[in-house]
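Trainee: Sending over a structure as structure tokens; questions will come in a sec.
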Amino acid sequence: MKTRLITSFFATGSNVQQLYDTLSGRKERFVVKGNQVRMLLCGPTVYDYAHIGHARMLLFYDLMARYFRSKKIGVSVIVNITDIDQKVFSKARAAATGPAELASKFIDELLRDLSSLGIDGFMLARVSDHVTTARQLVAGLLQSGKAYSAGGNVYLDTAATLSLGMMAKMTKKDLDDCRLDISPAKKSPSDILMWNASESFDVSFRDDILGSGIPWWHMQDASVAMANYGGLYDIHGGASELVYPHHESHLAQLQALTLRDRPVRFWTHVGLVRTKGKKMSKSLGNTVAVRDLLKRYSANALRLYFYSRHYRDDFDFSESDLGRFQRIDDMIASAMNSRRLDGRKMAERFFDRIEDDFDTPGAISVLIEGAKSRSADLGTMVSVFGLRY
């Protein structure tokens, strides 16, 4: 298979894309294989409207995809949509509707929000459409001896999983002390629940080997990865809060299923959006809906606001700061509508920043400078940022 390094169109070839990998804990060279980048993102649980924490994560990967496409590299982006979850079941009961109907409603609303934000080219994958795959995968791991039944559930045996805890920088004692999915029948506290047949849910799926139950959270996402990419792909993305236990568990399952130590080449994580120091979360009731914010500010302003922070950093949401980027959006719009764009070339500097682990704060500084000077490269920079004028 052919491989090539991503280099700037405007440089001599010495600039190489650097991307931070959470598993290794450092920036590494990103090599494109076969002129195609395959990405899988952990999307929202669909029981309510998308909030700006979701928007920040999805807008970052939209930028990443736009960057690759600007280099004439094909990109496949699959967003995992969780619609098998107790929060979906509870909300459906309260609304006197079925879980599938409730999830479908909020998936439709999510699609509207993505369109409003200017995000396109993402493929949504409902985990409920991958239950058959999950059943087959769990049964296969059970039959191969990599998983075991205990208390009616099926767990992945992590005894031979040497990388468990590496992504979250946790020791074996740390993992044991967390005691997730507590069961006296588990061989080890860190073993991963894959099929839950011991609890009662509003929906369940019958399997002759596994019994009636549901694929658990981590296996739901692993099933999407296996069904669409054979479990082998370039970039996995999501919010930083998913590193442990979700992405640690996801990786352990893919290792067992693919027999590869590194089935995913890069693990990337976007920092949290906070409200008064607390994580923005639907369960905490402190969210700001995307659609509500877009009634007062442009999608361009929201993009610029998020891109003014490095994607790996947490930050506190400030509507007054967002207002400042609305004014910057107006300034860029004025420059884009100008009949004369003949300032100095600036795309090389812009891509230098993008290619250093997506340093969007640095890239925005170049963009603003380019708008003020009416740079001939303004359109290129605007396109990578996904701004619409």
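By order in the structure tokens, chains are A, B, ...; within a chain, residues start at 1; ligands start at 1, following the order shown.
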Excluding Phe358 in chain A and any residue of its chain fewer than 3 positions from it, enumerate the residues within 9 Å of it, using only C-alpha atoms, and give them as a ChimeraX atom specification.

Mentor: /A:17-19,63-64,310-311,353-355,361-363

Trainee: Those selected residues, please, written with N, CA and C atoms and delivered as a PDB file, in the first residue's frame.

Mentor:
```pdb
ATOM      1  N   GLN A  17       2.571  16.997   8.950  1.00  0.00           N
ATOM      2  CA  GLN A  17       1.476  17.074   9.905  1.00  0.00           C
ATOM      3  C   GLN A  17       1.848  16.370  11.204  1.00  0.00           C
ATOM      4  N   GLN A  18       1.747  17.094  12.306  1.00  0.00           N
ATOM      5  CA  GLN A  18       1.947  16.528  13.635  1.00  0.00           C
ATOM      6  C   GLN A  18       0.598  16.448  14.337  1.00  0.00           C
ATOM      7  N   LEU A  19       0.309  15.309  14.908  1.00  0.00           N
ATOM      8  CA  LEU A  19      -0.978  15.098  15.567  1.00  0.00           C
ATOM      9  C   LEU A  19      -0.738  14.432  16.910  1.00  0.00           C
ATOM     10  N   LEU A  63     -13.319  20.527  10.865  1.00  0.00           N
ATOM     11  CA  LEU A  63     -12.102  21.232  10.459  1.00  0.00           C
ATOM     12  C   LEU A  63     -11.031  20.247  10.014  1.00  0.00           C
ATOM     13  N   MET A  64     -10.839  19.188  10.781  1.00  0.00           N
ATOM     14  CA  MET A  64      -9.835  18.192  10.431  1.00  0.00           C
ATOM     15  C   MET A  64     -10.122  17.593   9.048  1.00  0.00           C
ATOM     16  N   HIS A 310      -7.297  25.918  21.726  1.00  0.00           N
ATOM     17  CA  HIS A 310      -6.757  24.672  21.196  1.00  0.00           C
ATOM     18  C   HIS A 310      -7.723  23.550  21.524  1.00  0.00           C
ATOM     19  N   TYR A 311      -7.886  22.646  20.582  1.00  0.00           N
ATOM     20  CA  TYR A 311      -8.936  21.623  20.715  1.00  0.00           C
ATOM     21  C   TYR A 311      -8.761  20.738  21.941  1.00  0.00           C
ATOM     22  N   ARG A 353       0.572  26.416  11.001  1.00  0.00           N
ATOM     23  CA  ARG A 353      -0.119  26.337  12.284  1.00  0.00           C
ATOM     24  C   ARG A 353      -1.097  25.152  12.319  1.00  0.00           C
ATOM     25  N   ILE A 354      -1.853  24.979  11.255  1.00  0.00           N
ATOM     26  CA  ILE A 354      -2.798  23.856  11.200  1.00  0.00           C
ATOM     27  C   ILE A 354      -2.062  22.528  11.300  1.00  0.00           C
ATOM     28  N   GLU A 355      -0.903  22.442  10.667  1.00  0.00           N
ATOM     29  CA  GLU A 355      -0.169  21.183  10.612  1.00  0.00           C
ATOM     30  C   GLU A 355       0.615  20.892  11.888  1.00  0.00           C
ATOM     31  N   PRO A 361      -5.726  28.417  17.327  1.00  0.00           N
ATOM     32  CA  PRO A 361      -5.532  29.801  17.789  1.00  0.00           C
ATOM     33  C   PRO A 361      -4.489  30.537  16.944  1.00  0.00           C
ATOM     34  N   GLY A 362      -3.373  29.846  16.632  1.00  0.00           N
ATOM     35  CA  GLY A 362      -2.367  30.459  15.786  1.00  0.00           C
ATOM     36  C   GLY A 362      -2.870  30.696  14.379  1.00  0.00           C
ATOM     37  N   ALA A 363      -3.656  29.744  13.855  1.00  0.00           N
ATOM     38  CA  ALA A 363      -4.194  29.879  12.504  1.00  0.00           C
ATOM     39  C   ALA A 363      -5.192  31.021  12.419  1.00  0.00           C
TER      40      ALA A 363
END
```

Trainee: Could you write out, as a ChimeraX atom specification, all the residues of range 62-230 of chain A that DSSP marks as helix (DSSP H, G or I)?

Mentor: /A:62-70,86-94,99-117,127-144,172-178,217-229

Trainee: From the set A:Gly343, A:Gly165, A:Gly285, A:Gly98, which residue has the shortest atom-to-atom contact distance to Ser190 in chain A, counting only C-alpha atoms?

Mentor: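 Residue with the minimum atom-to-atom distance to Ser190 in chain A: A:Gly165.
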
Trainee: Between A:Ser320, A:Asn337, A:Ser281, A:Ser198, which residue has the minimum interatomic distance to Ala150 in chain A, considering only C-alpha atoms?

Mentor: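 Smallest distance to Ala150 in chain A is found for A:Ser198.
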
Trainee: Looking at only C-alpha atoms, which of A:Asp191, A:Asp342, A:Asp21, A:Glu241 is the one that sits closest to Arg262 in chain A?

Mentor: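 Distance minimum relative to Arg262 in chain A lands on A:Asp21.
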
Trainee: Mind giving me the straight-line distance from CA of Met57 in chain A to CA of Val270 in chain A in Å, one decimal?

Mentor: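 If I compute the distance from CA of Met57 in chain A to CA of Val270 in chain A, I get 5.9 Å.
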
Trainee: Go through A:Ile78, A:His130, A:Gln36, A:Arg291 and flag the residue nearest Ser115 in chain A, using only C-alpha atoms for the distances.

Mentor: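 Smallest separation from Ser115 in chain A among the options: A:Arg291.
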
Trainee: Neighbours of Arg312 in chain A within 8 Å (only C-alpha atoms; same-chain residues fewer than 5 positions away dropped), as number ranges by chain?

Mentor: A: 240, 269-271

Trainee: Could those selected residues go to a file with N, CA, C and O atoms, as a PDB file, in the first residue's frame?

Mentor:
```pdb
ATOM      1  N   SER A 240     -12.799  14.451  25.723  1.00  0.00           N
ATOM      2  CA  SER A 240     -11.744  13.962  26.612  1.00  0.00           C
ATOM      3  C   SER A 240     -12.290  13.120  27.765  1.00  0.00           C
ATOM      4  O   SER A 240     -11.582  12.267  28.293  1.00  0.00           O
ATOM      5  N   HIS A 269      -8.661  13.563  21.308  1.00  0.00           N
ATOM      6  CA  HIS A 269      -9.715  13.950  22.247  1.00  0.00           C
ATOM      7  C   HIS A 269      -9.840  15.467  22.345  1.00  0.00           C
ATOM      8  O   HIS A 269      -8.831  16.170  22.426  1.00  0.00           O
ATOM      9  N   VAL A 270     -11.074  15.920  22.345  1.00  0.00           N
ATOM     10  CA  VAL A 270     -11.399  17.341  22.402  1.00  0.00           C
ATOM     11  C   VAL A 270     -11.759  17.704  23.843  1.00  0.00           C
ATOM     12  O   VAL A 270     -12.510  16.972  24.502  1.00  0.00           O
ATOM     13  N   GLY A 271     -11.224  18.823  24.322  1.00  0.00           N
ATOM     14  CA  GLY A 271     -11.490  19.268  25.686  1.00  0.00           C
ATOM     15  C   GLY A 271     -12.949  19.612  25.918  1.00  0.00           C
ATOM     16  O   GLY A 271     -13.735  19.808  24.981  1.00  0.00           O
TER      17      GLY A 271
END
```

Trainee: Can you pull out the residues contacting Met167 in chain A? Cut-off 7 Å, using only C-alpha atoms, and skip same-chain residues under 3 positions away; I want them as a list of chain:residue names.

Mentor: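 In the requested form, the answer reads A:Thr22, A:Leu23, A:Val243, A:Glu248.
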
Trainee: Which one of A:Leu59, A:Glu369, A:Ala222, A:Asp377 sits closest to Ser116 in chain A if you count only C-alpha atoms?

Mentor: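 Nearest candidate to Ser116 in chain A out of A:Leu59, A:Glu369, A:Ala222, A:Asp377: A:Leu59.
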
Trainee: Between A:His236, A:Arg135, A:Arg66, A:Arg126, which has the minimum distance to Asp207 in chain A (counting only C-alpha atoms)?

Mentor: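 Comparing A:His236, A:Arg135, A:Arg66, A:Arg126 against Asp207 in chain A, the winner is A:Arg135.
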
Trainee: If you measure from CA of Phe60 in chain A to CA of Tyr233 in chain A, what distance in Å do you get, rounded to one decimal?

Mentor: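 Atom-to-atom, CA of Phe60 in chain A and CA of Tyr233 in chain A are spaced 18.5 Å apart.
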
Trainee: Grab the CA of Ser298 in chain A to CA of Met331 in chain A distance for me, in Å with one decimal place.

Mentor: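 One can read the CA of Ser298 in chain A to CA of Met331 in chain A distance as 13.1 Å.
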
Trainee: Determine, counting only C-alpha atoms, which protein, DNA and RNA residues have an atom within 12 Å of an atom of range 382-384 of chain A; residues of the same chain fewer than 6 positions away are not included. Present the result as a PyMOL selection string.

Mentor: chain A and resi 59-71+118+300+303-304+307+329+332-333+335-336+347+350-351+354+358+360+363-364+366-368+370-371+375-376
